[in-house]
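K.L.:
Structure file my_file_30.cif (mmCIF, C-alpha atoms, pLDDT in the B column; chains and numbers go by the auth columns) is given on the next line.
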data_entry
loop_
_atom_site.group_PDB
_atom_site.id
_atom_site.type_symbol
_atom_site.label_atom_id
_atom_site.label_comp_id
_atom_site.label_asym_id
_atom_site.label_seq_id
_atom_site.Cartn_x
_atom_site.Cartn_y
_atom_site.Cartn_z
_atom_site.B_iso_or_equiv
_atom_site.auth_seq_id
_atom_site.auth_asym_id
ATOM 1 C CA MET A 1 21.765 7.722 11.495 64.00 23 M
ATOM 2 C CA LYS A 2 21.344 4.257 12.919 79.00 24 M
ATOM 3 C CA LYS A 3 20.880 1.311 10.560 78.00 25 M
ATOM 4 C CA GLU A 4 17.452 0.550 11.956 79.00 26 M
ATOM 5 C CA THR A 5 16.310 4.164 11.512 83.00 27 M
ATOM 6 C CA LEU A 6 17.515 4.103 7.913 86.00 28 M
ATOM 7 C CA GLN A 7 15.564 0.902 7.328 86.00 29 M
ATOM 8 C CA ILE A 8 12.407 2.461 8.769 86.00 30 M
ATOM 9 C CA VAL A 9 12.841 5.579 6.599 88.00 31 M
ATOM 10 C CA PHE A 10 13.341 3.346 3.534 89.00 32 M
ATOM 11 C CA ILE A 11 10.261 1.254 4.316 90.00 33 M
ATOM 12 C CA GLU A 12 8.031 4.238 5.118 90.00 34 M
ATOM 13 C CA SER A 13 9.073 6.206 2.034 91.00 35 M
ATOM 14 C CA ASN A 14 8.476 3.187 -0.189 92.00 36 M
ATOM 15 C CA VAL A 15 5.087 2.579 1.397 92.00 37 M
ATOM 16 C CA ALA A 16 4.235 6.194 0.473 92.00 38 M
ATOM 17 C CA LEU A 17 5.622 5.624 -3.036 93.00 39 M
ATOM 18 C CA PHE A 18 3.405 2.574 -3.591 94.00 40 M
ATOM 19 C CA ILE A 19 0.344 4.272 -2.111 94.00 41 M
ATOM 20 C CA PHE A 20 0.933 7.132 -4.550 94.00 42 M
ATOM 21 C CA LEU A 21 1.524 4.735 -7.452 93.00 43 M
ATOM 22 C CA PHE A 22 -1.543 2.561 -6.854 93.00 44 M
ATOM 23 C CA VAL A 23 -3.929 5.447 -6.125 93.00 45 M
ATOM 24 C CA TYR A 24 -2.648 7.381 -9.141 91.00 46 M
ATOM 25 C CA THR A 25 -2.878 4.502 -11.640 89.00 47 M
ATOM 26 C CA GLY A 26 -6.094 3.141 -10.098 91.00 48 M
ATOM 27 C CA VAL A 27 -7.920 6.478 -10.266 90.00 49 M
ATOM 28 C CA ASN A 28 -6.644 7.076 -13.800 86.00 50 M
ATOM 29 C CA LYS A 29 -7.865 3.679 -14.980 86.00 51 M
ATOM 30 C CA LEU A 30 -11.295 4.263 -13.452 88.00 52 M
ATOM 31 C CA MET A 31 -11.536 7.775 -14.899 84.00 53 M
ATOM 32 C CA ASP A 32 -10.539 6.488 -18.334 79.00 54 M
ATOM 33 C CA TYR A 33 -12.476 3.230 -17.982 81.00 55 M
ATOM 34 C CA SER A 34 -13.682 2.916 -21.581 74.00 56 M
ATOM 35 C CA ALA A 35 -10.237 3.450 -23.138 74.00 57 M
ATOM 36 C CA PHE A 36 -8.693 1.013 -20.639 79.00 58 M
ATOM 37 C CA ARG A 37 -11.334 -1.607 -21.470 78.00 59 M
ATOM 38 C CA VAL A 38 -10.807 -1.189 -25.240 72.00 60 M
ATOM 39 C CA VAL A 39 -7.051 -1.798 -24.919 73.00 61 M
ATOM 40 C CA LEU A 40 -7.580 -4.801 -22.628 77.00 62 M
ATOM 41 C CA SER A 41 -10.084 -6.246 -25.098 72.00 63 M
ATOM 42 C CA LYS A 42 -7.296 -6.247 -27.705 67.00 64 M
ATOM 43 C CA SER A 43 -4.844 -8.047 -25.438 73.00 65 M
ATOM 44 C CA PRO A 44 -4.469 -11.748 -26.363 74.00 66 M
ATOM 45 C CA LEU A 45 -4.016 -12.633 -22.700 80.00 67 M
ATOM 46 C CA LEU A 46 -6.839 -10.633 -21.090 80.00 68 M
ATOM 47 C CA SER A 47 -9.439 -10.059 -23.806 76.00 69 M
ATOM 48 C CA PHE A 48 -11.673 -12.867 -22.463 81.00 70 M
ATOM 49 C CA ALA A 49 -12.415 -10.826 -19.322 85.00 71 M
ATOM 50 C CA SER A 50 -11.606 -7.264 -20.363 81.00 72 M
ATOM 51 C CA SER A 51 -14.763 -5.683 -18.896 84.00 73 M
ATOM 52 C CA PHE A 52 -14.247 -7.408 -15.556 90.00 74 M
ATOM 53 C CA ILE A 53 -10.500 -6.671 -15.335 90.00 75 M
ATOM 54 C CA ALA A 54 -11.031 -3.028 -16.393 89.00 76 M
ATOM 55 C CA TRP A 55 -12.776 -2.262 -13.089 91.00 77 M
ATOM 56 C CA PHE A 56 -11.417 -5.111 -10.920 94.00 78 M
ATOM 57 C CA LEU A 57 -7.745 -4.126 -11.350 93.00 79 M
ATOM 58 C CA PRO A 58 -8.099 -0.446 -10.339 94.00 80 M
ATOM 59 C CA VAL A 59 -10.314 -1.456 -7.400 95.00 81 M
ATOM 60 C CA ILE A 60 -7.631 -3.925 -6.262 95.00 82 M
ATOM 61 C CA GLU A 61 -5.012 -1.180 -6.575 95.00 83 M
ATOM 62 C CA LEU A 62 -7.089 1.129 -4.376 94.00 84 M
ATOM 63 C CA ILE A 63 -7.648 -1.636 -1.797 96.00 85 M
ATOM 64 C CA VAL A 64 -3.891 -2.341 -1.678 95.00 86 M
ATOM 65 C CA SER A 65 -3.291 1.393 -1.105 95.00 87 M
ATOM 66 C CA LEU A 66 -5.689 1.256 1.824 94.00 88 M
ATOM 67 C CA ILE A 67 -3.900 -1.819 3.242 94.00 89 M
ATOM 68 C CA LEU A 68 -0.573 0.024 2.897 93.00 90 M
ATOM 69 C CA LEU A 69 -2.021 3.103 4.574 92.00 91 M
ATOM 70 C CA MET A 70 -2.869 1.238 7.779 90.00 92 M
ATOM 71 C CA PRO A 71 0.287 0.794 9.908 88.00 93 M
ATOM 72 C CA PHE A 72 -0.862 -2.585 11.270 88.00 94 M
ATOM 73 C CA THR A 73 -1.414 -4.076 7.773 91.00 95 M
ATOM 74 C CA ARG A 74 1.589 -2.406 6.123 90.00 96 M
ATOM 75 C CA LYS A 75 3.692 -5.580 5.993 91.00 97 M
ATOM 76 C CA LEU A 76 0.861 -7.452 4.284 92.00 98 M
ATOM 77 C CA GLY A 77 0.413 -4.478 1.948 92.00 99 M
ATOM 78 C CA LEU A 78 4.063 -4.613 0.927 93.00 100 M
ATOM 79 C CA LEU A 79 3.766 -8.342 0.253 94.00 101 M
ATOM 80 C CA ILE A 80 0.674 -7.798 -1.937 95.00 102 M
ATOM 81 C CA SER A 81 2.403 -4.865 -3.670 95.00 103 M
ATOM 82 C CA THR A 82 5.372 -7.097 -4.464 95.00 104 M
ATOM 83 C CA SER A 83 3.043 -9.778 -5.846 95.00 105 M
ATOM 84 C CA LEU A 84 1.124 -7.209 -7.919 94.00 106 M
ATOM 85 C CA MET A 85 4.326 -5.716 -9.312 94.00 107 M
ATOM 86 C CA ALA A 86 5.602 -9.219 -10.137 95.00 108 M
ATOM 87 C CA THR A 87 2.336 -9.978 -11.976 94.00 109 M
ATOM 88 C CA PHE A 88 2.514 -6.693 -13.915 91.00 110 M
ATOM 89 C CA THR A 89 6.155 -7.361 -14.788 92.00 111 M
ATOM 90 C CA PHE A 90 5.394 -10.853 -16.112 91.00 112 M
ATOM 91 C CA TYR A 91 2.488 -9.434 -18.120 88.00 113 M
ATOM 92 C CA LEU A 92 4.754 -6.745 -19.603 84.00 114 M
ATOM 93 C CA ALA A 93 7.411 -9.300 -20.486 86.00 115 M
ATOM 94 C CA TYR A 94 4.739 -11.455 -22.157 85.00 116 M
ATOM 95 C CA MET A 95 3.422 -8.469 -24.125 79.00 117 M
ATOM 96 C CA ILE A 96 6.923 -7.493 -25.298 79.00 118 M
ATOM 97 C CA PHE A 97 7.512 -10.996 -26.624 78.00 119 M
ATOM 98 C CA PHE A 98 4.111 -11.648 -28.164 74.00 120 M
ATOM 99 C CA THR A 99 2.316 -8.376 -28.968 66.00 121 M
ATOM 100 C CA PRO A 100 4.799 -5.485 -29.007 58.00 122 M
ATOM 101 C CA ASN A 101 2.508 -3.315 -31.158 56.00 123 M
ATOM 102 C CA LEU A 102 -0.286 -3.155 -28.622 59.00 124 M
ATOM 103 C CA PRO A 103 -0.377 0.205 -26.814 57.00 125 M
ATOM 104 C CA CYS A 104 0.106 0.113 -23.059 61.00 126 M
ATOM 105 C CA SER A 105 -3.090 0.050 -21.022 60.00 127 M
ATOM 106 C CA CYS A 106 -1.436 1.659 -18.024 62.00 128 M
ATOM 107 C CA GLY A 107 -2.836 4.510 -16.016 57.00 129 M
ATOM 108 C CA GLY A 108 -1.831 8.178 -16.245 59.00 130 M
ATOM 109 C CA ILE A 109 1.656 9.212 -17.338 64.00 131 M
ATOM 110 C CA PHE A 110 2.697 5.543 -17.579 68.00 132 M
ATOM 111 C CA ASN A 111 0.618 5.430 -20.753 63.00 133 M
ATOM 112 C CA ASN A 112 3.336 7.480 -22.452 66.00 134 M
ATOM 113 C CA LEU A 113 6.043 4.869 -21.821 72.00 135 M
ATOM 114 C CA ASN A 114 6.813 2.213 -24.400 72.00 136 M
ATOM 115 C CA TRP A 115 6.844 -1.456 -23.381 76.00 137 M
ATOM 116 C CA THR A 116 10.598 -1.646 -22.759 80.00 138 M
ATOM 117 C CA GLU A 117 10.705 1.530 -20.646 82.00 139 M
ATOM 118 C CA HIS A 118 7.715 0.265 -18.727 84.00 140 M
ATOM 119 C CA LEU A 119 9.334 -3.123 -18.150 87.00 141 M
ATOM 120 C CA ILE A 120 12.503 -1.474 -16.785 90.00 142 M
ATOM 121 C CA LEU A 121 10.437 0.776 -14.487 90.00 143 M
ATOM 122 C CA ASN A 122 8.441 -2.219 -13.286 92.00 144 M
ATOM 123 C CA ILE A 123 11.554 -4.275 -12.552 94.00 145 M
ATOM 124 C CA VAL A 124 12.970 -1.367 -10.496 94.00 146 M
ATOM 125 C CA LEU A 125 9.662 -1.019 -8.609 93.00 147 M
ATOM 126 C CA LEU A 126 9.504 -4.779 -8.083 94.00 148 M
ATOM 127 C CA VAL A 127 12.997 -4.789 -6.551 95.00 149 M
ATOM 128 C CA ILE A 128 12.071 -1.798 -4.328 94.00 150 M
ATOM 129 C CA ALA A 129 8.817 -3.439 -3.206 93.00 151 M
ATOM 130 C CA PHE A 130 10.530 -6.736 -2.461 94.00 152 M
ATOM 131 C CA THR A 131 13.351 -5.011 -0.526 93.00 153 M
ATOM 132 C CA ALA A 132 10.871 -2.941 1.506 92.00 154 M
ATOM 133 C CA TRP A 133 8.828 -6.065 2.310 91.00 155 M
ATOM 134 C CA TRP A 134 11.968 -8.048 3.212 91.00 156 M
ATOM 135 C CA LEU A 135 13.230 -5.266 5.491 90.00 157 M
ATOM 136 C CA SER A 136 9.824 -4.819 7.124 88.00 158 M
ATOM 137 C CA LYS A 137 9.764 -8.565 7.752 82.00 159 M
ATOM 138 C CA SER A 138 13.131 -8.559 9.489 77.00 160 M
ATOM 139 C CA ASN A 139 12.698 -5.179 11.179 67.00 161 M
ATOM 140 C CA GLN A 140 10.987 -5.886 14.500 62.00 162 M
ATOM 141 C CA ARG A 141 10.718 -2.783 16.622 55.00 163 M
ATOM 142 C CA PHE A 142 9.661 -4.833 19.643 44.00 164 M
ATOM 143 C CA ILE A 143 11.241 -8.187 20.345 47.00 165 M
ATOM 144 C CA ALA A 144 9.692 -10.337 23.016 48.00 166 M
ATOM 145 C CA ILE A 145 12.283 -11.242 25.664 52.00 167 M
ATOM 146 C CA ASN A 146 12.321 -14.420 27.660 54.00 168 M
ATOM 147 C CA ARG A 147 12.829 -12.962 31.155 57.00 169 M
ATOM 148 C CA ASN A 148 14.686 -16.035 32.395 59.00 170 M
ATOM 149 C CA SER A 149 17.232 -16.462 29.647 58.00 171 M
ATOM 150 C CA ARG A 150 17.261 -12.802 28.463 57.00 172 M
ATOM 151 C CA THR A 151 17.204 -14.008 24.863 57.00 173 M
ATOM 152 C CA PRO A 152 14.699 -12.989 22.235 55.00 174 M
ATOM 153 C CA VAL A 153 11.923 -15.526 21.719 49.00 175 M
ATOM 154 C CA MET B 1 -1.989 10.230 13.342 64.00 3 J
ATOM 155 C CA LYS B 2 1.709 10.750 12.569 69.00 4 J
ATOM 156 C CA LYS B 3 1.884 7.166 11.293 75.00 5 J
ATOM 157 C CA TYR B 4 -0.743 7.951 8.659 80.00 6 J
ATOM 158 C CA LEU B 5 0.694 11.322 7.611 83.00 7 J
ATOM 159 C CA LEU B 6 3.041 10.186 4.825 84.00 8 J
ATOM 160 C CA GLY B 7 0.398 7.834 3.422 86.00 9 J
ATOM 161 C CA ILE B 8 -2.292 10.506 3.442 87.00 10 J
ATOM 162 C CA ILE B 9 0.064 12.959 1.698 88.00 11 J
ATOM 163 C CA ALA B 10 0.696 10.254 -0.945 87.00 12 J
ATOM 164 C CA VAL B 11 -3.061 9.715 -1.453 88.00 13 J
ATOM 165 C CA VAL B 12 -3.742 13.447 -1.800 88.00 14 J
ATOM 166 C CA ALA B 13 -0.809 13.887 -4.194 88.00 15 J
ATOM 167 C CA ALA B 14 -1.942 10.921 -6.305 86.00 16 J
ATOM 168 C CA ILE B 15 -5.514 12.213 -6.591 86.00 17 J
ATOM 169 C CA GLY B 16 -4.198 15.691 -7.409 85.00 18 J
ATOM 170 C CA PHE B 17 -1.911 14.345 -10.142 83.00 19 J
ATOM 171 C CA SER B 18 -4.716 12.137 -11.505 80.00 20 J
ATOM 172 C CA SER B 19 -7.034 15.083 -11.998 78.00 21 J
ATOM 173 C CA PHE B 20 -4.222 17.039 -13.607 74.00 22 J
ATOM 174 C CA THR B 21 -3.280 14.324 -16.122 67.00 23 J
ATOM 175 C CA THR B 22 -6.893 13.438 -16.910 55.00 24 J
ATOM 176 C CA ASP B 23 -7.652 17.043 -17.835 50.00 25 J
ATOM 177 C CA GLU B 24 -4.565 17.099 -19.988 50.00 26 J
ATOM 178 C CA LYS B 25 -5.581 13.878 -21.658 51.00 27 J
ATOM 179 C CA LYS B 26 -9.119 15.077 -22.316 48.00 28 J
ATOM 180 C CA ALA B 27 -7.755 18.012 -24.307 43.00 29 J
ATOM 181 C CA ALA B 28 -5.855 15.614 -26.539 45.00 30 J
ATOM 182 C CA ASP B 29 -8.606 13.027 -26.511 52.00 31 J
ATOM 183 C CA ASP B 30 -11.001 14.890 -28.767 64.00 32 J
ATOM 184 C CA ILE B 31 -10.572 14.081 -32.412 78.00 33 J
ATOM 185 C CA TYR B 32 -7.767 12.810 -34.596 85.00 34 J
ATOM 186 C CA TYR B 33 -6.768 12.419 -38.220 87.00 35 J
ATOM 187 C CA PHE B 34 -6.576 8.652 -38.803 90.00 36 J
ATOM 188 C CA TYR B 35 -4.379 7.027 -41.427 91.00 37 J
ATOM 189 C CA MET B 36 -4.109 3.394 -42.503 90.00 38 J
ATOM 190 C CA VAL B 37 -0.732 1.764 -41.786 89.00 39 J
ATOM 191 C CA ASP B 38 0.854 -0.635 -44.293 86.00 40 J
ATOM 192 C CA GLU B 39 2.279 -4.045 -43.375 81.00 41 J
ATOM 193 C CA ASN B 40 5.702 -2.458 -42.657 84.00 42 J
ATOM 194 C CA GLY B 41 4.230 -0.058 -40.103 83.00 43 J
ATOM 195 C CA VAL B 42 4.535 2.965 -42.414 88.00 44 J
ATOM 196 C CA ILE B 43 1.871 5.448 -43.508 90.00 45 J
ATOM 197 C CA GLN B 44 2.700 5.919 -47.162 90.00 46 J
ATOM 198 C CA ALA B 45 2.732 9.260 -48.983 89.00 47 J
ATOM 199 C CA GLY B 46 -0.678 10.037 -50.415 89.00 48 J
ATOM 200 C CA THR B 47 -2.573 7.867 -47.892 90.00 49 J
ATOM 201 C CA PRO B 48 -5.987 9.515 -47.463 89.00 50 J
ATOM 202 C CA VAL B 49 -7.368 10.570 -44.073 88.00 51 J
ATOM 203 C CA GLN B 50 -9.838 7.906 -42.943 88.00 52 J
ATOM 204 C CA PHE B 51 -13.506 8.674 -42.263 83.00 53 J
ATOM 205 C CA GLY B 52 -13.261 11.893 -44.295 79.00 54 J
ATOM 206 C CA GLY B 53 -11.828 13.992 -41.460 78.00 55 J
ATOM 207 C CA GLN B 54 -11.210 14.111 -37.727 79.00 56 J
ATOM 208 C CA VAL B 55 -13.036 11.552 -35.567 79.00 57 J
ATOM 209 C CA THR B 56 -12.733 10.279 -31.999 79.00 58 J
ATOM 210 C CA LEU B 57 -10.708 7.194 -31.069 81.00 59 J
ATOM 211 C CA SER B 58 -13.821 5.299 -30.014 76.00 60 J
ATOM 212 C CA TYR B 59 -15.435 5.994 -33.403 77.00 61 J
ATOM 213 C CA ALA B 60 -12.272 4.833 -35.195 82.00 62 J
ATOM 214 C CA ASN B 61 -12.099 1.695 -33.015 79.00 63 J
ATOM 215 C CA ALA B 62 -15.691 0.841 -33.845 75.00 64 J
ATOM 216 C CA ASN B 63 -15.344 1.487 -37.569 77.00 65 J
ATOM 217 C CA ASP B 64 -11.767 0.588 -38.561 80.00 66 J
ATOM 218 C CA GLY B 65 -12.896 -2.776 -39.979 76.00 67 J
ATOM 219 C CA CYS B 66 -9.465 -4.297 -39.465 77.00 68 J
ATOM 220 C CA THR B 67 -8.844 -7.942 -38.643 70.00 69 J
ATOM 221 C CA GLY B 68 -5.888 -10.267 -38.600 63.00 70 J
ATOM 222 C CA SER B 69 -3.334 -9.432 -35.928 61.00 71 J
ATOM 223 C CA THR B 70 -2.635 -7.142 -33.016 62.00 72 J
ATOM 224 C CA ALA B 71 -0.475 -4.787 -35.104 73.00 73 J
ATOM 225 C CA HIS B 72 -1.597 -1.207 -35.668 82.00 74 J
ATOM 226 C CA CYS B 73 -4.487 -0.714 -38.042 86.00 75 J
ATOM 227 C CA LEU B 74 -5.048 3.035 -37.988 88.00 76 J
ATOM 228 C CA ARG B 75 -2.877 5.699 -36.418 90.00 77 J
ATOM 229 C CA GLY B 76 -4.442 8.903 -35.184 89.00 78 J
ATOM 230 C CA PHE B 77 -2.718 12.280 -35.150 87.00 79 J
ATOM 231 C CA ILE B 78 -3.847 15.461 -33.413 81.00 80 J
ATOM 232 C CA SER B 79 -2.350 17.484 -36.254 81.00 81 J
ATOM 233 C CA GLN B 80 -1.777 16.181 -39.764 85.00 82 J
ATOM 234 C CA PRO B 81 1.732 14.677 -40.161 88.00 83 J
ATOM 235 C CA SER B 82 3.880 14.963 -43.256 89.00 84 J
ATOM 236 C CA LEU B 83 3.780 11.674 -45.165 89.00 85 J
ATOM 237 C CA PRO B 84 5.318 9.164 -45.464 90.00 86 J
ATOM 238 C CA THR B 85 5.866 8.550 -41.784 89.00 87 J
ATOM 239 C CA SER B 86 6.528 5.644 -39.443 87.00 88 J
ATOM 240 C CA GLN B 87 5.496 7.620 -36.344 86.00 89 J
ATOM 241 C CA SER B 88 3.124 5.814 -33.987 84.00 90 J
ATOM 242 C CA GLY B 89 0.861 8.841 -33.773 84.00 91 J
ATOM 243 C CA ASP B 90 -1.070 9.996 -30.713 82.00 92 J
ATOM 244 C CA VAL B 91 -3.504 7.061 -30.688 83.00 93 J
ATOM 245 C CA GLN B 92 -3.868 3.785 -32.551 84.00 94 J
ATOM 246 C CA THR B 93 -6.538 1.269 -33.425 83.00 95 J
ATOM 247 C CA LEU B 94 -5.446 -2.326 -33.708 77.00 96 J
ATOM 248 C CA LYS B 95 -6.083 -5.302 -35.937 68.00 97 J
ATOM 249 C CA ASN B 96 -7.521 -8.021 -33.747 56.00 98 J
#
Could I get this file's structure written as structure tokens?

P.N.:
Amino acid sequence: MKKETLQIVFIESNVALFIFLFVYTGVNKLMDYSAFRVVLSKSPLLSFASSFIAWFLPVIELIVSLILLMPFTRKLGLLISTSLMATFTFYLAYMIFFTPNLPCSCGGIFNNLNWTEHLILNIVLLVIAFTAWWLSKSNQRFIAINRNSRTPV
Amino acid sequence: MKKYLLGIIAVVAAIGFSSFTTDEKKAADDIYYFYMVDENGVIQAGTPVQFGGQVTLSYANANDGCTGSTAHCLRGFISQPSLPTSQSGDVQTLKN
């Protein structure tokens, strides 16, 4: 398989992975809104706006999934996914250092992970998201050609 | 349409999994035996069940009366554990 084809397969499969991840955790948070809000209200970092974040975060996750779903906004979606994953990872690192006894307020099966397992998973996902975004940035299927010089512009 | 296919499959799978895990959670979400945790994170032998029996997590959260830190206050178990134990339990309320 050609290198470019492999890159496209990698990008597309990771786009699907992040759509799955964000829809899954977003829907779970909305379906379990009250429990999610209670845990956020106990977080030293987010308690001041727990009610707002409890619905704002899953809505953002669903919007990012929609952005990833559209082929023409996919690159932007991967950039936002990378930023979101970076934010979640910093939050997890903060929680491990300052409030390790607080249960995770994550959606679905991620609720069963402890903080350290979750941090490792998030770091892996962050690296995947960043790589997919980086590759999508450099992978141009159509390069404009200057007809006089025959060099890409 | 082909460009959307993988994404749409991911959305459908995610919604399917969400409904599956939420149902599973609801079964375990009913009522728990809550025990008070000591400062070392252990439920000591002979610790009585709080609230006189099984209650929901939201009831325990509203009535645990704990303050002071974000460490566990009460730990809830679906079935009664053998004490003493340092298990985290199925759910927890927190001191905050």

K.L.:
Hey, what comes out of the PyMOL selection byres ((chain M) within 6 of (chain J)) on this file? Could you write it as a PyMOL selection string?

P.N.:
chain M and resi 38+42+45-46+50+91+123

K.L.:
To one decimal place, how far is CA of Leu76 (chain J) from CA of Ile142 (chain M) in Å?

P.N.:
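Rounded to one decimal, the two atoms are 27.9 Å apart.
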
K.L.:
Could you state the separation of CA of Phe119 (chain M) and CA of Leu141 (chain M) in Å, given to one decimal place?

P.N.:
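Here the two named atoms are 11.7 Å from each other.
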
K.L.:
To one decimal place, how far is CA of Ile45 (chain J) from CA of Gln82 (chain J) in Å?

P.N.:
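Going from CA of Ile45 (chain J) over to CA of Gln82 (chain J), I get 11.9 Å.
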